[in-house]
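Chemist: My structure file run_4.tsv, TSV, C-alpha atoms, is below:
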chain	number	residue	atom	x	y	z
G	1	MET	CA	-48.96	-17.73	-78.94
G	2	SER	CA	-51.06	-14.57	-78.62
G	3	ALA	CA	-50.15	-11.70	-76.32
G	4	LEU	CA	-51.24	-11.88	-72.71
G	5	THR	CA	-54.26	-9.65	-72.23
G	6	ILE	CA	-54.47	-7.71	-68.98
G	7	ALA	CA	-57.68	-6.11	-67.70
G	8	LEU	CA	-57.27	-2.91	-65.71
G	9	PRO	CA	-59.84	-0.89	-63.75
G	10	LYS	CA	-60.46	2.75	-64.54
G	11	GLY	CA	-60.62	5.02	-61.51
G	12	ARG	CA	-58.87	5.07	-58.17
G	13	LEU	CA	-56.99	1.75	-58.56
G	14	LEU	CA	-55.54	2.51	-61.99
G	15	PRO	CA	-52.47	4.57	-60.93
G	16	HIS	CA	-51.46	1.86	-58.45
G	17	ALA	CA	-52.08	-0.90	-61.01
G	18	LEU	CA	-49.93	0.92	-63.57
G	19	ALA	CA	-47.14	1.24	-61.02
G	20	VAL	CA	-47.20	-2.55	-60.54
G	21	LEU	CA	-47.11	-3.18	-64.31
G	22	GLU	CA	-44.25	-0.75	-64.72
G	23	ALA	CA	-42.38	-2.40	-61.86
G	24	ILE	CA	-42.55	-5.79	-63.61
G	25	GLY	CA	-41.15	-4.29	-66.81
G	26	LEU	CA	-44.22	-3.54	-68.94
G	27	ASP	CA	-44.53	-0.33	-70.96
G	28	VAL	CA	-47.51	1.65	-69.63
G	29	ARG	CA	-46.54	5.11	-70.88
G	30	GLU	CA	-49.51	5.33	-73.23
G	31	LEU	CA	-51.85	4.37	-70.41
G	32	ARG	CA	-50.49	7.22	-68.30
G	33	GLY	CA	-51.33	9.72	-71.01
G	34	ALA	CA	-54.64	11.16	-72.13
G	35	THR	CA	-55.49	8.24	-74.38
G	36	ARG	CA	-59.13	7.42	-75.08
G	37	LYS	CA	-58.23	3.95	-76.31
G	38	LEU	CA	-59.76	1.04	-74.45
G	39	ILE	CA	-57.19	-1.42	-75.84
G	40	VAL	CA	-53.51	-0.50	-75.68
G	41	ALA	CA	-50.69	-2.76	-76.88
G	42	ASP	CA	-47.17	-3.25	-75.55
G	43	THR	CA	-45.77	-5.13	-78.53
G	44	LYS	CA	-42.24	-5.18	-77.15
G	45	HIS	CA	-43.34	-7.29	-74.20
G	46	ASP	CA	-46.09	-9.20	-76.02
G	47	ALA	CA	-48.89	-7.78	-73.88
G	48	ARG	CA	-52.04	-5.75	-74.34
G	49	PHE	CA	-54.10	-3.83	-71.82
G	50	LEU	CA	-57.85	-3.36	-71.55
G	51	LEU	CA	-59.14	-0.27	-69.74
G	52	LEU	CA	-62.50	-1.20	-68.20
G	53	LYS	CA	-65.00	-0.20	-65.57
G	54	PRO	CA	-64.07	-2.03	-62.36
G	55	PHE	CA	-67.09	-4.35	-62.37
G	56	ASP	CA	-66.29	-5.33	-65.97
G	57	VAL	CA	-62.72	-6.39	-65.14
G	58	ALA	CA	-63.89	-9.54	-63.35
G	59	THR	CA	-66.31	-10.39	-66.18
G	60	PHE	CA	-63.68	-10.01	-68.92
G	61	VAL	CA	-61.26	-12.21	-66.97
G	62	GLU	CA	-63.86	-14.81	-66.02
G	63	TYR	CA	-65.02	-15.29	-69.62
G	64	GLY	CA	-61.52	-15.32	-71.12
G	65	ALA	CA	-61.49	-11.95	-72.91
G	66	ALA	CA	-58.53	-11.19	-70.63
G	67	ASP	CA	-55.96	-13.60	-69.21
G	68	TRP	CA	-55.47	-11.74	-65.95
G	69	GLY	CA	-56.30	-8.45	-64.33
G	70	ILE	CA	-56.28	-6.23	-61.29
G	71	VAL	CA	-59.49	-5.32	-59.47
G	72	GLY	CA	-60.88	-4.52	-56.03
G	73	GLN	CA	-62.07	-7.40	-53.89
G	74	ASP	CA	-65.37	-5.55	-53.43
G	75	VAL	CA	-66.10	-6.40	-57.08
G	76	LEU	CA	-65.23	-10.05	-56.51
G	77	LEU	CA	-67.41	-10.25	-53.40
G	78	GLU	CA	-70.38	-8.83	-55.29
G	79	ASN	CA	-69.93	-10.82	-58.51
G	80	GLU	CA	-68.93	-14.21	-57.07
G	81	SER	CA	-66.92	-14.71	-60.27
G	82	ASP	CA	-65.48	-18.10	-61.24
G	83	LEU	CA	-61.79	-17.25	-61.47
G	84	PHE	CA	-58.51	-17.50	-59.55
G	85	GLU	CA	-57.47	-14.86	-57.03
G	86	PRO	CA	-53.86	-15.87	-56.34
G	87	LEU	CA	-52.60	-12.55	-54.99
G	88	THR	CA	-53.81	-9.63	-52.92
G	89	LEU	CA	-52.01	-6.35	-53.59
G	90	PRO	CA	-50.87	-3.69	-51.09
G	91	PHE	CA	-53.21	-0.90	-52.19
G	92	GLY	CA	-56.88	-0.10	-52.61
G	93	PHE	CA	-57.69	-0.78	-48.97
G	94	CYS	CA	-61.31	0.01	-48.16
G	95	ARG	CA	-64.41	-1.31	-46.45
G	96	ILE	CA	-67.99	-1.90	-47.51
G	97	ALA	CA	-70.17	-0.07	-45.03
G	98	LEU	CA	-73.79	0.49	-44.10
G	99	ALA	CA	-74.50	4.20	-43.57
G	100	ALA	CA	-77.39	6.50	-42.68
G	101	ARG	CA	-78.12	10.20	-42.35
G	102	ARG	CA	-76.40	11.61	-39.28
G	103	GLU	CA	-79.67	12.70	-37.68
G	104	ARG	CA	-81.06	9.15	-37.98
G	105	ALA	CA	-77.97	7.31	-36.78
G	106	GLN	CA	-79.63	6.18	-33.53
G	107	THR	CA	-82.72	4.77	-35.27
G	108	ASP	CA	-83.64	1.16	-34.45
G	109	TRP	CA	-83.86	0.07	-38.08
G	110	ARG	CA	-85.29	-3.31	-37.16
G	111	LEU	CA	-88.54	-1.57	-36.25
G	112	GLU	CA	-88.77	0.31	-39.54
G	113	THR	CA	-91.20	-0.83	-42.23
G	114	ALA	CA	-90.73	-0.41	-45.99
G	115	LEU	CA	-87.01	0.10	-45.44
G	116	ARG	CA	-85.10	1.03	-48.61
G	117	VAL	CA	-81.36	0.61	-49.11
G	118	ALA	CA	-79.41	2.06	-52.05
G	119	SER	CA	-76.22	0.33	-53.18
G	120	LYS	CA	-74.07	-0.71	-56.12
G	121	TYR	CA	-73.66	-4.00	-54.23
G	122	PRO	CA	-77.22	-5.41	-54.38
G	123	ARG	CA	-76.18	-9.04	-53.84
G	124	LEU	CA	-74.00	-8.29	-50.80
G	125	THR	CA	-76.62	-5.93	-49.41
G	126	ARG	CA	-79.44	-8.44	-49.78
G	127	LYS	CA	-77.35	-11.18	-48.16
G	128	PHE	CA	-76.49	-8.89	-45.24
G	129	PHE	CA	-80.12	-8.11	-44.46
G	130	VAL	CA	-81.44	-11.61	-45.12
G	131	GLU	CA	-78.98	-13.00	-42.58
G	132	ARG	CA	-80.42	-10.57	-40.03
G	133	GLY	CA	-84.00	-11.35	-40.93
G	134	TRP	CA	-84.76	-7.81	-42.02
G	135	SER	CA	-87.17	-7.08	-44.86
G	136	VAL	CA	-85.75	-4.35	-47.13
G	137	GLU	CA	-86.09	-3.10	-50.67
G	138	ILE	CA	-82.75	-2.88	-52.49
G	139	ILE	CA	-82.35	0.05	-54.88
G	140	PRO	CA	-79.42	-0.64	-57.27
G	141	LEU	CA	-77.37	2.46	-58.13
G	142	HIS	CA	-74.12	2.84	-60.04
G	143	GLY	CA	-73.04	6.21	-58.70
G	144	SER	CA	-74.00	9.17	-56.48
G	145	ILE	CA	-75.11	6.72	-53.81
G	146	GLU	CA	-74.37	9.11	-50.94
G	147	ILE	CA	-77.10	11.55	-51.96
G	148	ALA	CA	-79.87	8.92	-52.01
G	149	PRO	CA	-80.97	9.40	-48.36
G	150	ALA	CA	-80.95	13.19	-48.59
G	151	LEU	CA	-83.29	13.04	-51.59
G	152	GLY	CA	-85.61	10.50	-50.02
G	153	LEU	CA	-84.65	7.74	-52.44
G	154	SER	CA	-83.47	5.46	-49.65
G	155	ASP	CA	-83.22	5.23	-45.87
G	156	LEU	CA	-79.77	3.63	-45.86
G	157	VAL	CA	-76.86	3.10	-48.22
G	158	VAL	CA	-74.27	0.37	-48.60
G	159	ASP	CA	-71.16	1.74	-50.23
G	160	ILE	CA	-67.41	1.45	-50.45
G	161	VAL	CA	-65.55	3.62	-47.93
G	162	ASP	CA	-61.91	4.65	-47.91
G	163	THR	CA	-61.32	7.63	-45.63
G	164	GLY	CA	-64.99	8.27	-44.90
G	165	ARG	CA	-64.72	11.85	-46.13
G	166	THR	CA	-67.36	11.47	-48.86
G	167	LEU	CA	-69.87	10.08	-46.38
G	168	LYS	CA	-69.19	12.90	-43.95
G	169	GLU	CA	-69.50	15.60	-46.59
G	170	ASN	CA	-72.91	14.21	-47.54
G	171	GLY	CA	-74.20	14.07	-43.98
G	172	LEU	CA	-73.83	10.31	-43.52
G	173	VAL	CA	-72.34	8.20	-40.74
G	174	GLU	CA	-71.23	4.57	-40.81
G	175	LEU	CA	-73.36	2.12	-38.87
G	176	GLU	CA	-71.73	-1.23	-39.61
G	177	THR	CA	-69.05	-2.81	-41.79
G	178	LEU	CA	-70.14	-5.55	-44.20
G	179	GLY	CA	-66.60	-6.48	-45.23
G	180	GLN	CA	-63.02	-5.40	-45.90
G	181	ALA	CA	-61.42	-5.24	-49.33
G	182	GLN	CA	-58.21	-4.37	-51.17
G	183	ALA	CA	-56.84	-4.77	-54.68
G	184	ALA	CA	-56.28	-8.29	-56.00
G	185	LEU	CA	-54.70	-9.95	-59.01
G	186	ILE	CA	-57.15	-12.30	-60.74
G	187	VAL	CA	-56.55	-14.96	-63.40
G	188	ASN	CA	-58.81	-16.69	-65.91
G	189	ARG	CA	-59.03	-20.43	-65.15
G	190	ALA	CA	-58.32	-21.58	-68.72
G	191	SER	CA	-55.37	-19.20	-69.06
G	192	HIS	CA	-53.99	-20.48	-65.79
G	193	ALA	CA	-54.05	-24.03	-67.15
G	194	LEU	CA	-53.00	-23.41	-70.76
G	195	ARG	CA	-50.44	-20.66	-70.13
G	196	PHE	CA	-49.30	-21.76	-66.72
G	197	ARG	CA	-45.63	-20.82	-67.09
G	198	GLU	CA	-46.39	-17.33	-68.42
G	199	ILE	CA	-48.94	-16.68	-65.69
G	200	GLN	CA	-46.62	-18.02	-63.02
G	201	ASN	CA	-43.85	-15.71	-64.25
G	202	VAL	CA	-46.26	-12.80	-63.90
G	203	LEU	CA	-47.22	-13.83	-60.38
G	204	ASP	CA	-43.60	-14.22	-59.32
G	205	ALA	CA	-42.70	-10.81	-60.79
G	206	VAL	CA	-45.65	-9.09	-59.10
G	207	LYS	CA	-44.78	-10.71	-55.77
G	208	ARG	CA	-41.22	-9.36	-56.05
G	209	ALA	CA	-42.41	-5.90	-57.11
G	210	THR	CA	-44.93	-5.53	-54.30
G	211	ARG	CA	-42.95	-7.13	-51.51
G	212	ALA	CA	-42.42	-4.73	-48.62
G	213	PRO	CA	-38.76	-3.65	-48.25
Would you kindly transcribe this structure into structure tokens?

Modeler:
Amino acid sequence: MSALTIALPKGRLLPHALAVLEAIGLDVRELRGATRKLIVADTKHDARFLLLKPFDVATFVEYGAADWGIVGQDVLLENESDLFEPLTLPFGFCRIALAARRERAQTDWRLETALRVASKYPRLTRKFFVERGWSVEIIPLHGSIEIAPALGLSDLVVDIVDTGRTLKENGLVELETLGQAQAALIVNRASHALRFREIQNVLDAVKRATRAP
């Protein structure tokens, strides 16, 4: 049978994800280096790793290009992917927040017309405002979201927040939380059925490795 393929997110979750893989006995030394490879093999343990943008991790797992992976729940909330999420992991804690320029924090946004909101979470953002009956224009962005209000691109932003430092440094304040998120282990549905024992062994090992002392 082919090696288990594991999708990993580049960025802030990667060091924590690598620590989990190392704790369950996989060789991630090459991933800790300065490699530019997007596919790295651990032939000794019959595994291979894909290094992907976070939003691509869920897609690769959902469509079977990877058997399982680690990703933030913010990605899963936005994508509504058809996959298993059997485990949450004890890192990557954050919130998805609505924010505005500090000097406009007391604005009654319900009275605003032609309201524009910048976010890399267009589906979640649209749902949030539709449920409140607000009419807004969603501006999808993939980065530098915090500067959008300062440049007049948007009135509000919906973004992921950890400590809140980035918002503060860009003159923004949180108005409301849309949801909480943390890292999660996700599994392709077909892999879960066809390679059940292998996947279950992974889940058991990850549970042991991440269990609080």

Chemist: Name the residues in contact with region 124-131 of chain G at a cut-off of 8 Å, using all atoms listed in the file, excluding same-chain residues fewer than 5 positions from it; report them as a compact mmCIF listing (two decimals) with C-alpha atoms, keeping the file's coordinate frame.

Modeler:
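Saved file out-v4.txt follows:
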# COMPACT_ATOMS: atom_id res chain seq x y z
CA LEU G 77 -67.41 -10.25 -53.40
CA GLU G 78 -70.38 -8.83 -55.29
CA SER G 119 -76.22 0.33 -53.18
CA VAL G 136 -85.75 -4.35 -47.13
CA ILE G 138 -82.75 -2.88 -52.49
CA VAL G 158 -74.27 0.37 -48.60
CA LEU G 178 -70.14 -5.55 -44.20

Chemist: So how far away is CA of Gly133 (chain G) from CA of Ala118 (chain G), in Å?

Modeler: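 Computed distance, CA of Ala118 (chain G) to CA of Gly133 (chain G), equals 18.0 Å.
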
Chemist: Please measure the separation of CA of Phe60 (chain G) and CA of Ile96 (chain G), giving the value in Å to one decimal.

Modeler: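 The value is 23.3 Å.
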
Chemist: Between G:His192, G:Arg197, G:His142, G:Arg29, which has the minimum distance to Ile160 (chain G) (counting only C-alpha atoms)?

Modeler: G:His142

Chemist: Got a sec: who's within 12 Å of Val187 (chain G), counting all atoms listed in the file, leaving out chain neighbours fewer than 2 positions off, as number ranges by chain?

Modeler: G: 4-7, 57-71, 81-87, 184-185, 189-196, 198-200, 202-203

Chemist: Could the centre and edge lengths of an axis-aligned box, enclosing all atoms of region 12-19 of chain G in the file with 3 Å extra on each side, be given in Å to one decimal as lines of an AutoDock Vina configuration file?

Modeler:
center_x = -53.0
center_y = 2.1
center_z = -60.9
size_x = 17.7
size_y = 12.0
size_z = 11.4

Chemist: G:Glu80, G:Thr163, G:Gly152, G:Asp74: which is nearest Gly179 (chain G), counting all atoms listed in the file?

Modeler: G:Asp74

Chemist: Go through G:Arg12, G:Lys168, G:Arg101, G:Lys207 one by one, measure the shortest atom-to-atom distance of each to Ser154 (chain G) using all atoms listed in the file, and give the residue with the smallest value.

Modeler: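 Of the candidates, the smallest distance to Ser154 (chain G) is held by G:Arg101.
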
Chemist: By how many Å are CA of Thr210 (chain G) and CA of Pro9 (chain G) apart?

Modeler: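 That distance, rounded to one decimal, is 18.3 Å.
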
Chemist: Please determine, counting only C-alpha atoms, which residue among G:Ala3, G:Leu175, G:Leu153, G:Leu31 has the shortest atom-to-atom distance to His45 (chain G).

Modeler: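 Among the listed residues, G:Ala3 lies closest to His45 (chain G).
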
Chemist: Reconstruct region 184-211 of chain G at the level of N, CA and C atoms, and format the result as a PDB file, in the coordinates of the input.

Modeler:
ATOM      1  N   ALA G 184     -56.692  -6.898 -55.825  1.00  0.00           N
ATOM      2  CA  ALA G 184     -56.280  -8.290 -56.000  1.00  0.00           C
ATOM      3  C   ALA G 184     -55.919  -8.539 -57.457  1.00  0.00           C
ATOM      4  N   LEU G 185     -55.026  -9.487 -57.665  1.00  0.00           N
ATOM      5  CA  LEU G 185     -54.700  -9.950 -59.010  1.00  0.00           C
ATOM      6  C   LEU G 185     -55.559 -11.187 -59.273  1.00  0.00           C
ATOM      7  N   ILE G 186     -56.256 -11.181 -60.404  1.00  0.00           N
ATOM      8  CA  ILE G 186     -57.150 -12.300 -60.740  1.00  0.00           C
ATOM      9  C   ILE G 186     -56.717 -12.925 -62.062  1.00  0.00           C
ATOM     10  N   VAL G 187     -57.005 -14.208 -62.223  1.00  0.00           N
ATOM     11  CA  VAL G 187     -56.550 -14.960 -63.400  1.00  0.00           C
ATOM     12  C   VAL G 187     -57.688 -15.813 -63.941  1.00  0.00           C
ATOM     13  N   ASN G 188     -57.845 -15.812 -65.256  1.00  0.00           N
ATOM     14  CA  ASN G 188     -58.810 -16.690 -65.910  1.00  0.00           C
ATOM     15  C   ASN G 188     -58.382 -18.146 -65.717  1.00  0.00           C
ATOM     16  N   ARG G 189     -59.341 -19.026 -65.451  1.00  0.00           N
ATOM     17  CA  ARG G 189     -59.030 -20.430 -65.150  1.00  0.00           C
ATOM     18  C   ARG G 189     -58.374 -21.141 -66.342  1.00  0.00           C
ATOM     19  N   ALA G 190     -58.899 -20.923 -67.545  1.00  0.00           N
ATOM     20  CA  ALA G 190     -58.320 -21.580 -68.720  1.00  0.00           C
ATOM     21  C   ALA G 190     -56.915 -21.070 -68.990  1.00  0.00           C
ATOM     22  N   SER G 191     -56.706 -19.764 -68.859  1.00  0.00           N
ATOM     23  CA  SER G 191     -55.370 -19.200 -69.060  1.00  0.00           C
ATOM     24  C   SER G 191     -54.383 -19.760 -68.058  1.00  0.00           C
ATOM     25  N   HIS G 192     -54.860 -19.928 -66.825  1.00  0.00           N
ATOM     26  CA  HIS G 192     -53.990 -20.480 -65.790  1.00  0.00           C
ATOM     27  C   HIS G 192     -53.526 -21.882 -66.151  1.00  0.00           C
ATOM     28  N   ALA G 193     -54.399 -22.662 -66.772  1.00  0.00           N
ATOM     29  CA  ALA G 193     -54.050 -24.030 -67.150  1.00  0.00           C
ATOM     30  C   ALA G 193     -53.217 -24.081 -68.425  1.00  0.00           C
ATOM     31  N   LEU G 194     -53.627 -23.315 -69.448  1.00  0.00           N
ATOM     32  CA  LEU G 194     -53.000 -23.410 -70.760  1.00  0.00           C
ATOM     33  C   LEU G 194     -51.724 -22.579 -70.885  1.00  0.00           C
ATOM     34  N   ARG G 195     -51.611 -21.541 -70.058  1.00  0.00           N
ATOM     35  CA  ARG G 195     -50.440 -20.660 -70.130  1.00  0.00           C
ATOM     36  C   ARG G 195     -49.803 -20.562 -68.748  1.00  0.00           C
ATOM     37  N   PHE G 196     -49.714 -21.710 -68.117  1.00  0.00           N
ATOM     38  CA  PHE G 196     -49.300 -21.760 -66.720  1.00  0.00           C
ATOM     39  C   PHE G 196     -47.962 -21.069 -66.489  1.00  0.00           C
ATOM     40  N   ARG G 197     -46.955 -21.374 -67.311  1.00  0.00           N
ATOM     41  CA  ARG G 197     -45.630 -20.820 -67.090  1.00  0.00           C
ATOM     42  C   ARG G 197     -45.625 -19.302 -67.226  1.00  0.00           C
ATOM     43  N   GLU G 198     -46.317 -18.786 -68.248  1.00  0.00           N
ATOM     44  CA  GLU G 198     -46.390 -17.330 -68.420  1.00  0.00           C
ATOM     45  C   GLU G 198     -47.084 -16.666 -67.237  1.00  0.00           C
ATOM     46  N   ILE G 199     -48.189 -17.255 -66.820  1.00  0.00           N
ATOM     47  CA  ILE G 199     -48.940 -16.680 -65.690  1.00  0.00           C
ATOM     48  C   ILE G 199     -48.112 -16.767 -64.416  1.00  0.00           C
ATOM     49  N   GLN G 200     -47.434 -17.876 -64.219  1.00  0.00           N
ATOM     50  CA  GLN G 200     -46.620 -18.020 -63.020  1.00  0.00           C
ATOM     51  C   GLN G 200     -45.485 -17.013 -62.999  1.00  0.00           C
ATOM     52  N   ASN G 201     -44.896 -16.730 -64.165  1.00  0.00           N
ATOM     53  CA  ASN G 201     -43.850 -15.710 -64.250  1.00  0.00           C
ATOM     54  C   ASN G 201     -44.386 -14.345 -63.849  1.00  0.00           C
ATOM     55  N   VAL G 202     -45.616 -14.060 -64.280  1.00  0.00           N
ATOM     56  CA  VAL G 202     -46.260 -12.800 -63.900  1.00  0.00           C
ATOM     57  C   VAL G 202     -46.442 -12.741 -62.383  1.00  0.00           C
ATOM     58  N   LEU G 203     -46.980 -13.808 -61.817  1.00  0.00           N
ATOM     59  CA  LEU G 203     -47.220 -13.830 -60.380  1.00  0.00           C
ATOM     60  C   LEU G 203     -45.930 -13.658 -59.588  1.00  0.00           C
ATOM     61  N   ASP G 204     -44.880 -14.337 -60.012  1.00  0.00           N
ATOM     62  CA  ASP G 204     -43.600 -14.220 -59.320  1.00  0.00           C
ATOM     63  C   ASP G 204     -43.058 -12.787 -59.409  1.00  0.00           C
ATOM     64  N   ALA G 205     -43.200 -12.177 -60.599  1.00  0.00           N
ATOM     65  CA  ALA G 205     -42.700 -10.810 -60.790  1.00  0.00           C
ATOM     66  C   ALA G 205     -43.499  -9.828 -59.948  1.00  0.00           C
ATOM     67  N   VAL G 206     -44.810  -9.987 -59.888  1.00  0.00           N
ATOM     68  CA  VAL G 206     -45.650  -9.090 -59.100  1.00  0.00           C
ATOM     69  C   VAL G 206     -45.353  -9.250 -57.600  1.00  0.00           C
ATOM     70  N   LYS G 207     -45.143 -10.474 -57.165  1.00  0.00           N
ATOM     71  CA  LYS G 207     -44.780 -10.710 -55.770  1.00  0.00           C
ATOM     72  C   LYS G 207     -43.487  -9.968 -55.425  1.00  0.00           C
ATOM     73  N   ARG G 208     -42.477 -10.056 -56.308  1.00  0.00           N
ATOM     74  CA  ARG G 208     -41.220  -9.360 -56.050  1.00  0.00           C
ATOM     75  C   ARG G 208     -41.417  -7.850 -56.028  1.00  0.00           C
ATOM     76  N   ALA G 209     -42.225  -7.357 -56.967  1.00  0.00           N
ATOM     77  CA  ALA G 209     -42.410  -5.900 -57.110  1.00  0.00           C
ATOM     78  C   ALA G 209     -43.194  -5.286 -55.963  1.00  0.00           C
ATOM     79  N   THR G 210     -44.076  -6.084 -55.341  1.00  0.00           N
ATOM     80  CA  THR G 210     -44.930  -5.530 -54.300  1.00  0.00           C
ATOM     81  C   THR G 210     -44.518  -5.951 -52.898  1.00  0.00           C
ATOM     82  N   ARG G 211     -43.424  -6.689 -52.821  1.00  0.00           N
ATOM     83  CA  ARG G 211     -42.950  -7.130 -51.510  1.00  0.00           C
ATOM     84  C   ARG G 211     -42.448  -5.933 -50.720  1.00  0.00           C
TER      85      ARG G 211
END
